[in-house]
>>> print(open('entry14.cif').read())   # mmCIF, C-alpha atoms
data_data
#
loop_
_atom_site.group_PDB
_atom_site.id
_atom_site.type_symbol
_atom_site.label_atom_id
_atom_site.label_comp_id
_atom_site.auth_asym_id
_atom_site.auth_seq_id
_atom_site.Cartn_x
_atom_site.Cartn_y
_atom_site.Cartn_z
ATOM 1 C CA MET A 22 -4.691 -7.793 -0.054
ATOM 2 C CA HIS A 23 -5.095 -5.905 -3.354
ATOM 3 C CA SER A 24 -7.461 -3.448 -1.671
ATOM 4 C CA TYR A 25 -4.464 -1.939 0.155
ATOM 5 C CA TYR A 26 -2.545 -1.205 -3.055
ATOM 6 C CA GLN A 27 -2.201 2.483 -3.863
ATOM 7 C CA MET A 28 -1.168 3.618 -7.354
ATOM 8 C CA THR A 29 1.195 6.535 -7.834
ATOM 9 C CA ALA A 30 0.108 9.437 -10.053
ATOM 10 C CA LEU A 31 2.373 8.156 -12.850
ATOM 11 C CA GLU A 32 0.981 4.654 -12.543
ATOM 12 C CA LYS A 33 -2.606 5.949 -12.668
ATOM 13 C CA TRP A 34 -1.701 8.052 -15.720
ATOM 14 C CA THR A 35 -0.261 4.933 -17.402
ATOM 15 C CA GLU A 36 -3.348 2.859 -16.583
ATOM 16 C CA ASP A 37 -5.572 5.636 -17.985
ATOM 17 C CA LEU A 38 -3.469 5.779 -21.155
ATOM 18 C CA TYR A 39 -3.844 2.032 -21.652
ATOM 19 C CA GLU A 40 -7.578 2.271 -21.089
ATOM 20 C CA ARG A 41 -7.838 4.978 -23.785
ATOM 21 C CA LEU A 42 -5.748 2.819 -26.137
ATOM 22 C CA ASP A 43 -7.865 -0.262 -25.316
ATOM 23 C CA ILE A 44 -4.850 -2.209 -24.051
ATOM 24 C CA ARG A 45 -6.240 -4.973 -21.857
ATOM 25 C CA LYS A 46 -3.902 -7.968 -22.344
ATOM 26 C CA PRO A 47 -0.123 -8.382 -22.045
ATOM 27 C CA ALA A 48 0.126 -9.317 -25.740
ATOM 28 C CA GLN A 49 -1.142 -5.843 -26.651
ATOM 29 C CA ILE A 50 1.831 -4.197 -24.926
ATOM 30 C CA SER A 51 3.831 -4.279 -28.133
ATOM 31 C CA ILE A 52 5.666 -1.638 -30.115
ATOM 32 C CA ALA A 53 3.441 -2.167 -33.164
ATOM 33 C CA TYR A 54 0.153 -2.056 -31.236
ATOM 34 C CA ILE A 55 0.971 1.055 -29.191
ATOM 35 C CA ALA A 56 2.729 2.890 -32.038
ATOM 36 C CA GLU A 57 -0.272 2.360 -34.310
ATOM 37 C CA ARG A 58 -2.712 3.748 -31.741
ATOM 38 C CA LEU A 59 -0.562 6.777 -30.962
ATOM 39 C CA ASN A 60 0.494 7.397 -34.572
ATOM 40 C CA ILE A 61 4.203 6.963 -33.846
ATOM 41 C CA TRP A 62 6.473 6.143 -36.758
ATOM 42 C CA VAL A 63 9.022 3.628 -35.512
ATOM 43 C CA HIS A 64 12.375 3.154 -37.242
ATOM 44 C CA TYR A 65 14.800 0.366 -36.318
ATOM 45 C CA LEU A 66 18.353 1.593 -36.832
ATOM 46 C CA ASP A 67 21.893 1.002 -35.659
ATOM 47 C CA VAL A 68 21.647 4.002 -33.278
ATOM 48 C CA ARG A 69 20.789 4.718 -29.648
ATOM 49 C CA SER A 70 17.032 4.744 -29.083
ATOM 50 C CA LYS A 71 15.423 8.187 -29.251
ATOM 51 C CA GLY A 72 11.955 9.643 -29.645
ATOM 52 C CA ILE A 73 11.192 12.948 -31.338
ATOM 53 C CA GLU A 74 8.063 15.017 -31.804
ATOM 54 C CA ALA A 75 8.306 16.293 -35.381
ATOM 55 C CA SER A 76 5.324 18.588 -34.860
ATOM 56 C CA ALA A 77 2.366 18.684 -32.474
ATOM 57 C CA GLY A 78 1.102 15.117 -32.184
ATOM 58 C CA MET A 79 3.432 13.725 -34.878
ATOM 59 C CA TYR A 80 6.007 11.389 -33.360
ATOM 60 C CA SER A 81 8.916 9.380 -34.665
ATOM 61 C CA MET A 82 10.988 6.949 -32.687
ATOM 62 C CA PHE A 83 14.324 5.379 -33.455
ATOM 63 C CA ILE A 84 14.854 2.019 -31.758
ATOM 64 C CA ASP A 85 18.305 0.459 -31.482
ATOM 65 C CA ASN A 86 18.074 -2.611 -33.724
ATOM 66 C CA ARG A 87 21.180 -4.121 -32.073
ATOM 67 C CA LEU A 88 19.139 -4.901 -28.948
ATOM 68 C CA PRO A 89 17.138 -8.130 -28.477
ATOM 69 C CA ASP A 90 13.380 -7.750 -29.145
ATOM 70 C CA GLU A 91 12.548 -7.863 -25.423
ATOM 71 C CA LEU A 92 14.866 -4.908 -24.729
ATOM 72 C CA GLN A 93 13.708 -3.001 -27.814
ATOM 73 C CA ARG A 94 10.206 -2.993 -26.352
ATOM 74 C CA LEU A 95 11.496 -1.647 -23.023
ATOM 75 C CA GLU A 96 13.463 1.053 -24.876
ATOM 76 C CA PHE A 97 10.264 1.914 -26.764
ATOM 77 C CA LEU A 98 8.367 2.305 -23.474
ATOM 78 C CA HIS A 99 11.153 4.466 -22.031
ATOM 79 C CA GLU A 100 11.110 6.758 -25.067
ATOM 80 C CA LEU A 101 7.304 6.740 -25.102
ATOM 81 C CA CYS A 102 7.300 8.273 -21.636
ATOM 82 C CA HIS A 103 9.639 11.022 -22.830
ATOM 83 C CA LEU A 104 7.443 11.724 -25.868
ATOM 84 C CA LEU A 105 4.171 11.857 -23.969
ATOM 85 C CA ARG A 106 5.295 13.458 -20.706
ATOM 86 C CA HIS A 107 8.514 15.393 -21.328
ATOM 87 C CA ALA A 108 7.847 17.842 -24.150
ATOM 88 C CA GLY A 109 10.249 20.495 -25.366
ATOM 89 C CA SER A 110 13.967 20.953 -25.852
ATOM 90 C CA HIS A 111 16.237 19.613 -23.161
ATOM 91 C CA THR A 112 19.500 21.247 -24.243
ATOM 92 C CA LEU A 113 19.301 24.061 -21.685
ATOM 93 C CA MET A 114 17.706 21.977 -18.960
ATOM 94 C CA PRO A 115 19.585 21.568 -15.663
ATOM 95 C CA GLU A 116 21.069 18.080 -15.207
ATOM 96 C CA GLN A 117 18.897 17.377 -12.123
ATOM 97 C CA PHE A 118 15.759 17.983 -14.172
ATOM 98 C CA SER A 119 17.006 15.736 -16.974
ATOM 99 C CA GLN A 120 17.823 13.053 -14.402
ATOM 100 C CA ALA A 121 14.336 13.364 -12.891
ATOM 101 C CA GLU A 122 12.822 12.790 -16.338
ATOM 102 C CA ARG A 123 15.032 9.741 -16.927
ATOM 103 C CA ASP A 124 14.050 8.368 -13.503
ATOM 104 C CA GLU A 125 10.361 8.876 -14.300
ATOM 105 C CA SER A 126 10.809 7.086 -17.631
ATOM 106 C CA GLU A 127 12.394 4.133 -15.815
ATOM 107 C CA ARG A 128 9.440 3.942 -13.393
ATOM 108 C CA PHE A 129 7.077 4.223 -16.370
ATOM 109 C CA ILE A 130 8.665 1.089 -17.863
ATOM 110 C CA LEU A 131 7.587 -0.923 -14.789
ATOM 111 C CA TYR A 132 4.013 0.369 -14.993
ATOM 112 C CA ALA A 133 3.698 0.167 -18.777
ATOM 113 C CA ALA A 134 5.376 -3.221 -19.205
ATOM 114 C CA MET A 135 3.449 -4.824 -16.317
ATOM 115 C CA PRO A 136 0.280 -2.828 -15.538
ATOM 116 C CA TYR A 137 -1.192 -3.432 -12.101
ATOM 117 C CA SER A 138 -4.669 -3.807 -13.612
ATOM 118 C CA MET A 139 -3.442 -6.887 -15.490
ATOM 119 C CA ILE A 140 -1.291 -8.284 -12.666
ATOM 120 C CA SER A 141 -4.170 -8.015 -10.176
ATOM 121 C CA LYS A 142 -6.277 -10.334 -12.362
ATOM 122 C CA MET A 143 -3.573 -13.020 -12.336
ATOM 123 C CA THR A 144 -3.256 -15.765 -9.767
ATOM 124 C CA LEU A 145 0.460 -15.770 -9.109
ATOM 125 C CA PRO A 146 2.170 -18.722 -7.413
ATOM 126 C CA GLU A 147 2.912 -18.434 -3.691
ATOM 127 C CA LEU A 148 6.641 -19.068 -4.136
ATOM 128 C CA ARG A 149 8.416 -15.823 -4.963
ATOM 129 C CA GLU A 150 10.719 -17.342 -7.602
ATOM 130 C CA ASP A 151 7.773 -18.989 -9.371
ATOM 131 C CA ALA A 152 5.796 -15.724 -9.279
ATOM 132 C CA ILE A 153 8.741 -13.861 -10.807
ATOM 133 C CA GLN A 154 9.068 -16.464 -13.566
ATOM 134 C CA GLU A 155 5.340 -16.357 -14.329
ATOM 135 C CA LEU A 156 5.219 -12.564 -14.430
ATOM 136 C CA ALA A 157 8.317 -12.411 -16.656
ATOM 137 C CA ALA A 158 6.820 -14.963 -19.049
ATOM 138 C CA ALA A 159 3.343 -13.398 -19.137
ATOM 139 C CA PHE A 160 4.661 -9.897 -19.886
ATOM 140 C CA GLN A 161 7.776 -10.909 -21.859
ATOM 141 C CA VAL A 162 10.164 -8.986 -19.609
ATOM 142 C CA PRO A 163 13.487 -9.921 -18.002
ATOM 143 C CA CYS A 164 13.196 -11.648 -14.615
ATOM 144 C CA GLU A 165 15.017 -8.715 -12.965
ATOM 145 C CA LEU A 166 12.227 -6.362 -14.084
ATOM 146 C CA ALA A 167 9.519 -8.767 -12.892
ATOM 147 C CA LEU A 168 11.310 -8.951 -9.532
ATOM 148 C CA GLN A 169 11.372 -5.133 -9.284
ATOM 149 C CA ARG A 170 7.643 -4.971 -10.017
ATOM 150 C CA ILE A 171 6.746 -7.687 -7.488
ATOM 151 C CA ASP A 172 8.867 -5.962 -4.833
ATOM 152 C CA GLN A 173 7.251 -2.633 -5.638
ATOM 153 C CA ILE A 174 3.735 -4.077 -5.383
ATOM 154 C CA GLN A 175 4.540 -5.829 -2.092
ATOM 155 C CA ARG A 176 5.941 -2.577 -0.647
ATOM 156 C CA ARG A 177 2.837 -0.647 -1.701
ATOM 157 C CA VAL A 178 0.484 -3.267 -0.247
ATOM 158 C CA PHE A 179 2.450 -3.250 3.020
ATOM 159 C CA GLN A 180 2.410 0.561 3.044
ATOM 160 C CA GLY A 181 -1.356 0.523 2.478
ATOM 161 C CA GLN A 182 -1.799 -1.936 5.345
ATOM 162 C CA LEU A 183 0.285 0.258 7.667
ATOM 163 C CA ILE A 184 -1.728 3.340 6.741
ATOM 164 C CA ALA A 185 -4.986 1.456 7.401
ATOM 165 C CA VAL A 186 -3.760 0.337 10.840
ATOM 166 C CA MET A 187 -2.630 3.861 11.700
ATOM 167 C CA GLU A 188 -5.987 5.296 10.595
ATOM 168 C CA ARG A 189 -7.876 2.728 12.706
ATOM 169 C CA ASN A 190 -5.714 3.573 15.715
ATOM 170 C CA GLU A 191 -6.329 7.285 15.176
ATOM 171 C CA ASP A 192 -10.083 6.658 14.900
ATOM 172 C CA ARG A 193 -9.984 4.695 18.177
ATOM 173 C CA LYS A 194 -8.155 7.547 19.920
ATOM 174 C CA LEU A 195 -10.728 10.041 18.669
ATOM 175 C CA SER A 196 -13.684 7.869 19.714
ATOM 176 C CA HIS A 197 -12.167 7.385 23.212
ATOM 177 C CA ARG A 198 -11.844 11.155 23.609
ATOM 178 C CA HIS A 199 -15.534 11.606 22.802
ATOM 179 C CA ILE A 200 -16.558 8.923 25.282
ATOM 180 C CA ARG A 201 -14.766 10.521 28.239
#
>>> encode(input="entry14.cif", output="structure tokens")
Amino acid sequence: MHSYYQMTALEKWTEDLYERLDIRKPAQISIAYIAERLNIWVHYLDVRSKGIEASAGMYSMFIDNRLPDELQRLEFLHELCHLLRHAGSHTLMPEQFSQAERDESERFILYAAMPYSMISKMTLPELREDAIQELAAAFQVPCELALQRIDQIQRRVFQGQLIAVMERNEDRKLSHRHIR
């Protein structure tokens, strides 16, 4: 089943980042662990979360301390995507471009909070609700996020299976043409 799963470019980029940072277990997906490896200074303040690049390779991040710990980590991952993938000033950027960056940061949260490389090593329960609960507990994320990730993985596996069937059918058509 897992052989049909296809990663997106962003997901592959995230997996590669975690490999470089030596992040191999869910417990390592923490603000402290990632910030230390990427040299990000994290400040917890009574403000909306925001990441800034002070100078090339020097990052600071402000995390909203009013949020529960679980949501602070998700905010950190969202801002991390902006820092690492969306460089430059955004004041003159068209709204559609800004929205595209926000959308990418939201997808990044799914990949960074629950990497496929870690999920694929788990034996999740057959019952959907139990699988959601286990994923949420293992990665310390809200159940809604675990549900999104499970749905996403199931869609990608199904898509991979459809592509494989279509390719086999195309191969059969080609081989029949050569036989005639």
>>> closest_atom_pairs(input="entry14.cif", of="stretch 62-167 of chain A", to="stretch 44-54 of chain A", cutoff="9 Å", atoms="only C-alpha atoms", output="CSV")
residue,atom,partner,partner_atom,distance
A:Val63,CA,A:Ile52,CA,8.3
A:Gln93,CA,A:Ile52,CA,8.5
A:Arg94,CA,A:Ile52,CA,6.1
A:Phe97,CA,A:Ile52,CA,6.7
A:Leu98,CA,A:Ile52,CA,8.2
A:Ala133,CA,A:Ile50,CA,7.8
A:Ala134,CA,A:Ile50,CA,6.8
A:Met135,CA,A:Pro47,CA,7.6
A:Pro136,CA,A:Pro47,CA,8.6
A:Ser138,CA,A:Arg45,CA,8.5
A:Met139,CA,A:Lys46,CA,7.0
A:Ala159,CA,A:Pro47,CA,6.8
A:Phe160,CA,A:Pro47,CA,5.5
A:Gln161,CA,A:Pro47,CA,8.3
>>> residues_around(input="entry14.cif", residues="A:Phe83", least_positions_apart="3", cutoff="6 Å", atoms="only C-alpha atoms", output="VMD selection string")
chain A and resid 63 to 65 70 to 71
>>> atom_distance(input="entry14.cif", atom1="atom CA of A:Asn190", atom2="atom CA of A:Gln173")
25.7 Å
>>> resolve_selection(input="entry14.cif", expression="the PyMOL selection byres ((chain A and resi 38) around 12)", output="PDB file with C-alpha atoms, keeping the file's coordinate frame")
ATOM      1  CA  LEU A  31       2.373   8.156 -12.850  1.00  0.00           C
ATOM      2  CA  GLU A  32       0.981   4.654 -12.543  1.00  0.00           C
ATOM      3  CA  LYS A  33      -2.606   5.949 -12.668  1.00  0.00           C
ATOM      4  CA  TRP A  34      -1.701   8.052 -15.720  1.00  0.00           C
ATOM      5  CA  THR A  35      -0.261   4.933 -17.402  1.00  0.00           C
ATOM      6  CA  GLU A  36      -3.348   2.859 -16.583  1.00  0.00           C
ATOM      7  CA  ASP A  37      -5.572   5.636 -17.985  1.00  0.00           C
ATOM      8  CA  TYR A  39      -3.844   2.032 -21.652  1.00  0.00           C
ATOM      9  CA  GLU A  40      -7.578   2.271 -21.089  1.00  0.00           C
ATOM     10  CA  ARG A  41      -7.838   4.978 -23.785  1.00  0.00           C
ATOM     11  CA  LEU A  42      -5.748   2.819 -26.137  1.00  0.00           C
ATOM     12  CA  ASP A  43      -7.865  -0.262 -25.316  1.00  0.00           C
ATOM     13  CA  ILE A  44      -4.850  -2.209 -24.051  1.00  0.00           C
ATOM     14  CA  ARG A  45      -6.240  -4.973 -21.857  1.00  0.00           C
ATOM     15  CA  ILE A  50       1.831  -4.197 -24.926  1.00  0.00           C
ATOM     16  CA  ILE A  55       0.971   1.055 -29.191  1.00  0.00           C
ATOM     17  CA  ARG A  58      -2.712   3.748 -31.741  1.00  0.00           C
ATOM     18  CA  LEU A  59      -0.562   6.777 -30.962  1.00  0.00           C
ATOM     19  CA  LEU A 101       7.304   6.740 -25.102  1.00  0.00           C
ATOM     20  CA  CYS A 102       7.300   8.273 -21.636  1.00  0.00           C
ATOM     21  CA  LEU A 105       4.171  11.857 -23.969  1.00  0.00           C
ATOM     22  CA  ARG A 106       5.295  13.458 -20.706  1.00  0.00           C
ATOM     23  CA  PHE A 129       7.077   4.223 -16.370  1.00  0.00           C
ATOM     24  CA  TYR A 132       4.013   0.369 -14.993  1.00  0.00           C
ATOM     25  CA  ALA A 133       3.698   0.167 -18.777  1.00  0.00           C
ATOM     26  CA  PRO A 136       0.280  -2.828 -15.538  1.00  0.00           C
TER      27      PRO A 136
END
>>> atom_distance(input="entry14.cif", atom1="atom CA of A:Asp67", atom2="atom CA of A:Glu96")
13.7 Å
>>> resolve_selection(input="entry14.cif", expression="the PyMOL selection byres ((chain A and resi 81) around 9)", output="PyMOL selection string")
chain A and resi 60-64+71-75+79-80+82-83
>>> residues_around(input="entry14.cif", residues="A:Thr144", least_positions_apart="5", cutoff="12 Å", atoms="all atoms listed in the file", output="list in words")
His23, Met139, Asp151, Ala152, Glu155, Leu156 and Ala159 of chain A
>>> atom_distance(input="entry14.cif", atom1="atom CA of A:Leu131", atom2="atom CA of A:Leu166")
7.2 Å
>>> residues_around(input="entry14.cif", residues="A:Gly181", least_positions_apart="4", cutoff="8 Å", atoms="all atoms listed in the file", output="NGL selection string")
:A and (25-27 or 177 or 185)
>>> axis_aligned_box(input="entry14.cif", around="stretch 136-142 of chain A", padding_each_side="8 Å", output="JSON")
{"center_x": -3.0, "center_y": -6.6, "center_z": -12.9, "size_x": 22.6, "size_y": 23.5, "size_z": 21.4}
>>> closest_residue(input="entry14.cif", among="A:Val162, A:Leu148, A:Ala56, A:Leu104", to="A:Ile130", atoms="all atoms listed in the file")
A:Val162
>>> resolve_selection(input="entry14.cif", expression="the PyMOL selection byres ((chain A and resi 150) around 12)", output="list in words")
Leu145, Pro146, Glu147, Leu148, Arg149, Asp151, Ala152, Ile153, Gln154, Glu155, Leu156, Ala157, Cys164, Glu165, Ala167, Leu168, Ile171 and Asp172 of chain A
